[in-house]
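Have a look at query-v6.txt; it's compact mmCIF, C-alpha atoms:
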```txt
# COMPACT_ATOMS: atom_id res chain seq x y z
CA MET A 111 28.98 -12.76 -28.27
CA ALA A 112 27.69 -9.23 -28.79
CA ILE A 113 23.93 -9.06 -28.24
CA LEU A 114 21.87 -5.94 -28.86
CA ASP A 115 18.73 -5.80 -26.69
CA ILE A 116 15.92 -3.39 -27.54
CA ASP A 117 12.90 -2.42 -25.43
CA ILE A 118 10.27 -0.63 -27.52
CA GLY A 119 7.77 1.08 -25.26
CA ASN A 120 4.85 3.34 -26.04
CA THR A 121 6.94 6.51 -26.10
CA ARG A 122 10.62 5.54 -26.08
CA ILE A 123 13.03 2.93 -27.40
CA LYS A 124 15.68 1.76 -24.93
CA TRP A 125 18.64 -0.40 -25.86
CA ARG A 126 21.76 -2.00 -24.44
CA CYS A 127 24.73 -3.77 -25.96
CA ALA A 128 27.61 -4.94 -23.79
CA LYS A 129 28.09 -2.05 -21.34
CA ARG A 130 26.58 0.57 -23.62
CA TYR A 131 23.06 1.87 -22.98
CA GLY A 132 20.83 4.43 -24.63
CA ALA A 133 17.33 5.64 -25.36
CA LEU A 134 15.62 7.48 -28.18
CA ALA A 135 12.17 8.64 -29.18
CA HIS A 136 10.08 6.78 -31.73
CA LYS A 137 10.55 9.64 -34.19
CA ASP A 138 14.35 9.33 -34.05
CA SER A 139 16.27 7.32 -36.61
CA LEU A 140 17.23 3.83 -35.53
CA GLN A 141 20.59 4.48 -37.14
CA LEU A 142 21.44 6.47 -34.01
CA ILE A 143 21.86 3.13 -32.25
CA ASN A 144 24.37 1.96 -34.86
CA GLN A 145 26.58 4.94 -34.08
CA HIS A 146 26.98 3.88 -30.45
CA LEU A 147 27.84 0.22 -31.01
CA ALA A 148 31.44 -0.96 -30.75
CA GLY A 149 30.84 -3.47 -33.54
CA PRO A 150 28.11 -5.46 -35.27
CA PRO A 151 25.93 -7.54 -32.93
CA GLU A 152 25.59 -11.26 -33.50
CA ARG A 153 22.04 -11.28 -32.12
CA VAL A 154 19.28 -8.68 -31.69
CA ARG A 155 16.58 -9.39 -29.08
CA VAL A 156 13.47 -7.24 -29.00
CA ALA A 157 10.63 -6.52 -26.58
CA ASN A 158 7.95 -4.60 -28.46
CA VAL A 159 4.62 -3.24 -27.24
CA ALA A 160 4.30 -0.53 -29.90
CA GLY A 161 2.54 -2.58 -32.58
CA GLU A 162 3.29 -4.45 -35.77
CA GLU A 163 4.29 -1.43 -37.83
CA ILE A 164 7.26 -0.62 -35.66
CA ALA A 165 8.09 -4.34 -35.35
CA GLU A 166 8.39 -4.49 -39.14
CA LYS A 167 10.51 -1.35 -39.09
CA ILE A 168 12.84 -2.89 -36.51
CA SER A 169 13.10 -6.15 -38.45
CA ALA A 170 13.96 -4.34 -41.67
CA TRP A 171 16.56 -2.13 -39.96
CA VAL A 172 18.24 -5.10 -38.24
CA PHE A 173 18.47 -7.12 -41.44
CA ALA A 174 19.66 -4.16 -43.51
CA SER A 175 22.31 -3.29 -40.92
CA TRP A 176 23.72 -6.73 -40.06
CA ALA A 177 22.00 -9.37 -42.24
CA ILE A 178 20.49 -11.14 -39.22
CA GLU A 179 16.91 -11.67 -38.07
CA ALA A 180 15.59 -9.83 -35.03
CA GLU A 181 14.32 -12.13 -32.27
CA PHE A 182 11.05 -10.94 -30.72
CA ALA A 183 10.08 -11.96 -27.20
CA ARG A 184 6.60 -13.49 -26.80
CA VAL A 185 4.52 -14.14 -23.71
CA GLU A 186 4.28 -17.83 -22.84
CA SER A 187 1.95 -19.65 -20.46
CA ILE A 188 4.92 -20.77 -18.36
CA ALA A 189 8.51 -19.53 -18.45
CA ALA A 190 11.42 -19.61 -16.00
CA GLY A 191 9.27 -20.99 -13.20
CA VAL A 192 6.52 -18.39 -13.62
CA SER A 193 2.95 -19.21 -14.69
CA CYS A 194 1.08 -16.45 -16.50
CA GLY A 195 -2.17 -15.49 -14.78
CA TYR A 196 -3.92 -14.13 -17.86
CA GLU A 197 -6.73 -16.19 -19.39
CA ASP A 198 -5.13 -15.46 -22.76
CA PRO A 199 -1.38 -14.95 -22.24
CA THR A 200 -1.05 -13.19 -25.59
CA GLN A 201 -3.07 -10.31 -24.13
CA LEU A 202 -0.39 -9.58 -21.53
CA GLY A 203 2.14 -6.98 -22.62
CA VAL A 204 5.50 -8.59 -23.24
CA ASP A 205 7.21 -5.79 -21.32
CA ARG A 206 5.23 -6.71 -18.21
CA TRP A 207 6.05 -10.40 -18.69
CA LEU A 208 9.78 -9.77 -19.05
CA ALA A 209 9.82 -7.52 -15.99
CA ILE A 210 7.98 -10.20 -14.00
CA LEU A 211 10.48 -12.88 -15.04
CA ALA A 212 13.48 -10.70 -14.22
CA ALA A 213 12.08 -9.62 -10.85
CA TYR A 214 11.23 -13.18 -9.85
CA GLN A 215 14.69 -14.44 -10.74
CA LYS A 216 16.34 -11.70 -8.67
CA TRP A 217 13.93 -11.63 -5.72
CA PRO A 218 11.95 -14.90 -5.52
CA GLY A 219 9.03 -14.36 -3.19
CA ASN A 220 5.74 -12.52 -3.09
CA LEU A 221 6.15 -9.57 -5.45
CA VAL A 222 4.27 -6.57 -6.77
CA VAL A 223 6.06 -5.64 -9.98
CA VAL A 224 5.30 -2.04 -10.91
CA SER A 225 6.19 -0.11 -14.04
CA ALA A 226 5.46 3.60 -13.71
CA GLY A 227 5.62 5.04 -17.20
CA SER A 228 3.05 6.44 -19.63
CA ALA A 229 0.78 3.92 -17.95
CA LEU A 230 1.25 2.39 -14.53
CA THR A 231 1.07 -1.39 -14.39
CA ALA A 232 1.16 -3.44 -11.21
CA ASP A 233 1.47 -7.22 -11.43
CA LEU A 234 1.06 -9.63 -8.53
CA LEU A 235 3.32 -12.67 -8.23
CA THR A 236 3.39 -15.32 -5.51
CA ALA A 237 6.48 -16.95 -4.05
CA SER A 238 5.57 -20.13 -5.94
CA GLY A 239 5.81 -18.30 -9.26
CA GLN A 240 2.10 -17.87 -9.93
CA HIS A 241 1.24 -14.62 -11.65
CA LEU A 242 -2.15 -13.48 -10.34
CA GLY A 243 -2.80 -10.78 -12.92
CA GLY A 244 -2.56 -7.08 -12.31
CA TYR A 245 -3.76 -3.54 -12.86
CA ILE A 246 -3.30 -0.86 -15.54
CA VAL A 247 -4.06 2.83 -15.05
CA PRO A 248 -2.95 6.01 -16.83
CA GLY A 249 0.43 7.25 -15.67
CA LEU A 250 1.18 10.61 -14.10
CA GLU A 251 1.61 12.60 -17.31
CA LEU A 252 -1.43 11.05 -18.98
CA GLN A 253 -3.59 11.84 -15.97
CA ARG A 254 -2.36 15.40 -15.68
CA SER A 255 -2.56 16.16 -19.40
CA ALA A 256 -6.12 14.82 -19.51
CA LEU A 257 -7.14 17.12 -16.65
CA PHE A 258 -5.48 20.20 -18.11
CA GLU A 259 -6.30 19.60 -21.78
CA GLY A 260 -7.85 22.74 -23.20
CA THR A 261 -7.25 24.69 -19.97
CA ASP A 262 -5.40 27.97 -20.50
CA GLN A 263 -5.65 29.28 -16.96
CA VAL A 264 -3.04 26.97 -15.45
CA LYS A 265 0.59 26.84 -16.60
CA VAL A 266 1.73 23.25 -16.17
CA PRO A 267 5.47 22.71 -15.48
CA SER A 268 7.08 19.51 -16.66
CA GLU A 269 8.53 18.54 -13.27
CA TRP A 270 6.68 16.91 -10.41
CA ASP A 271 7.02 18.32 -6.88
CA GLN A 272 6.64 15.20 -4.76
CA SER A 273 8.07 16.49 -1.50
CA ASP A 274 4.64 17.01 0.09
CA LEU A 275 1.45 15.13 -0.70
CA GLY A 276 -0.74 16.90 1.83
CA ALA A 277 -3.93 18.74 0.90
CA ALA A 278 -3.03 21.37 -1.70
CA SER A 279 -3.66 25.12 -1.66
CA ASN A 280 -3.66 25.67 -5.43
CA THR A 281 -4.97 23.86 -8.50
CA LEU A 282 -1.67 22.65 -9.90
CA GLN A 283 -0.60 21.16 -6.59
CA ALA A 284 -4.02 19.60 -6.16
CA VAL A 285 -3.79 17.86 -9.52
CA ASN A 286 -0.18 16.75 -9.05
CA ARG A 287 -0.76 15.36 -5.59
CA GLY A 288 -4.05 13.77 -6.55
CA CYS A 289 -2.44 11.98 -9.51
CA ILE A 290 0.38 10.67 -7.34
CA HIS A 291 -2.06 9.49 -4.67
CA SER A 292 -4.10 7.65 -7.31
CA LEU A 293 -1.08 5.60 -8.38
CA LEU A 294 0.00 4.96 -4.82
CA GLY A 295 -3.50 3.64 -4.19
CA VAL A 296 -3.18 1.08 -6.97
CA ILE A 297 0.17 -0.11 -5.61
CA GLU A 298 -1.29 -0.39 -2.12
CA ALA A 299 -4.35 -2.29 -3.37
CA ALA A 300 -2.10 -4.77 -5.17
CA SER A 301 0.18 -5.12 -2.15
CA ASN A 302 -2.73 -5.83 0.18
CA GLN A 303 -3.48 -9.04 -1.73
CA LEU A 304 -0.15 -10.67 -0.87
CA ALA A 305 1.59 -11.46 2.40
CA GLU A 306 4.52 -9.09 2.98
CA PRO A 307 5.32 -8.53 -0.71
CA LEU A 308 8.37 -6.78 -2.06
CA VAL A 309 7.35 -3.89 -4.30
CA VAL A 310 9.67 -3.84 -7.31
CA LEU A 311 9.40 -0.41 -8.89
CA GLY A 312 10.55 0.53 -12.39
CA GLY A 313 9.71 3.07 -15.08
CA GLY A 314 10.43 6.74 -15.50
CA ASP A 315 8.25 7.86 -12.59
CA ALA A 316 9.64 5.36 -10.08
CA GLY A 317 11.57 8.13 -8.35
CA VAL A 318 8.40 10.16 -7.85
CA LEU A 319 6.48 7.31 -6.25
CA GLU A 320 9.14 5.47 -4.23
CA PRO A 321 9.48 7.96 -1.34
CA HIS A 322 5.74 7.73 -0.64
CA ILE A 323 5.29 3.96 -0.51
CA LYS A 324 5.03 3.50 3.23
CA ASP A 325 5.18 0.38 5.39
CA ARG A 326 6.28 -1.75 2.44
CA SER A 327 9.58 -3.23 1.33
CA VAL A 328 10.45 -1.38 -1.88
CA ILE A 329 13.28 -1.59 -4.36
CA VAL A 330 13.76 0.59 -7.44
CA ALA A 331 14.85 -1.63 -10.31
CA PRO A 332 15.40 0.02 -13.70
CA GLY A 333 16.02 -2.07 -16.78
CA LEU A 334 13.99 -5.16 -15.84
CA VAL A 335 12.53 -5.53 -19.33
CA LEU A 336 15.98 -5.74 -20.90
CA GLU A 337 17.10 -8.13 -18.16
CA GLY A 338 14.08 -10.29 -18.88
CA LEU A 339 15.31 -10.82 -22.44
CA ASP A 340 18.28 -12.72 -20.98
CA ILE A 341 15.81 -15.13 -19.39
CA LEU A 342 13.25 -15.57 -22.15
CA LEU A 343 15.68 -15.51 -25.09
CA PRO A 344 18.95 -16.86 -23.62
```

Conversion result in structure tokens:
Amino acid sequence: MAILDIDIGNTRIKWRCAKRYGALAHKDSLQLINQHLAGPPERVRVANVAGEEIAEKISAWVFASWAIEAEFARVESIAAGVSCGYEDPTQLGVDRWLAILAAYQKWPGNLVVVSAGSALTADLLTASGQHLGGYIVPGLELQRSALFEGTDQVKVPSEWDQSDLGAASNTLQAVNRGCIHSLLGVIEAASNQLAEPLVVLGGGDAGVLEPHIKDRSVIVAPGLVLEGLDILLP
């Protein structure tokens, strides 16, 4: 059975179908996905954190393309041996929930599940499957753009130099290194609350952060949200 999985984040839309993968911006036409598929999918599973408007857009596109209904993942109080730690589970982003489920299935144990994207989220999970809640802070680009907004004196390159996080000798380095340290601090604070946790690191900035997570077991795991759809919507 051909299943198309879609992960709609705050800035990008990622998809997979069979062994084909891709990503596009929100402004891009969804028809770009159709062009990469080997054939019509029999199911379409969706993780959406971008709001109802785009959910309606996805639903309409799926039905118009293949005359089937899109299946949207929802956060549940308990799923796949994991208990949600939020007072109101509906307030937890479904992307975080799916990543938690996928990480726990692959690496059962004490976990800190981190997604380093436009925001950084860090969720704590015990070996017994109890989600303890987590943290949300602005990601690297959001932090840096906020600091440099309206500042003409500093030219800000798009790349991050993460080779050295020591005290900086110019403003750009100081901001870059300070932003990275702030996210590393959140990961460390979360890790300190569990006994010997595995840090499971995903998101576009995982490669920036991973080399600097010291004295912790770390694994970089892209695609956990899409993998979580297999668990929640089998």

TODO: Find the residues around Leu208 of chain A up to 10 Å (only C-alpha atoms counted), leave out those fewer than 2 positions away in its own chain, and share them as an MDAnalysis selection string.
DONE: chainID A and resid 157 183:185 189 203:206 210:214 334:342

- [ ] Could you tell me how far atom CA of Leu134 of chain A lies from atom CA of Ala209 of chain A, in Å and to one decimal?
- [x] 20.2 Å

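Residues in contact with segment 114-121 of chain A at up to 7 Å, not including ones fewer than 6 positions away on its chain and judged by only C-alpha atoms, are A:Cys127, A:Ala135, A:His136, A:Pro151, A:Arg153, A:Val154, A:Arg155, A:Val156, A:Ala157, A:Asn158, A:Val159, A:Ala160, A:Val335, A:Leu336.
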
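If you measure from each of A:Ser225, A:Gln303, A:Thr200, A:Ser327 to Leu250 of chain A using only C-alpha atoms, the closest one turns out to be A:Ser225.
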
Task: Ile323 of chain A environment, 10 Å, only C-alpha atoms, sequence neighbours closer than 6 positions dropped, as an MDAnalysis selection string - done: chainID A and resid 294:295 297:298 309

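Ranking A:Leu275, A:Met111, A:Ala331, A:Leu304 by their shortest atom-to-atom distance to Leu221 of chain A, with only C-alpha atoms included, puts A:Leu304 first.
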
Box dimensions and centre (Å, one decimal) enclosing segment 150-157 of chain A, axis-aligned, 8 Å extra per side, as AutoDock Vina command-line options:
```
--center_x 19.4 --center_y -8.4 --center_z -30.9 --size_x 33.5 --size_y 21.8 --size_z 24.7
```

Can you tell me, as a compact mmCIF listing (two decimals) with C-alpha atoms, in the frame of the given file, what residues are no more than 12 Å from Gln145 of chain A when counting only C-alpha atoms, ignoring any on the same chain fewer than 5 positions away?
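Now in selection_10.txt:
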```txt
# COMPACT_ATOMS: atom_id res chain seq x y z
CA ARG A 130 26.58 0.57 -23.62
CA GLY A 132 20.83 4.43 -24.63
CA SER A 139 16.27 7.32 -36.61
CA LEU A 140 17.23 3.83 -35.53
CA PRO A 150 28.11 -5.46 -35.27
CA SER A 175 22.31 -3.29 -40.92
```

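From atom CA of Val330 of chain A back to atom CA of Phe182 of chain A, the distance works out to 26.1 Å.
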
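Once Leu319 of chain A and its same-chain neighbours fewer than 3 positions away are set aside, A:Ala226, A:Gln272, A:Ile290, A:His291, A:Leu293, A:Leu294, A:Leu311, A:Asp315, A:Ala316, A:His322, A:Ile323 remain within 9 Å of it when counting only C-alpha atoms.
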
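Rounded to one decimal, atom CA of Gln201 of chain A and atom CA of Glu162 of chain A lie 14.5 Å from each other.
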
Task: Among listed residues A:Ala177, A:Ile143, A:Ile123, A:Leu257, nearest Ile164 of chain A (using only C-alpha atoms) - done: A:Ile123
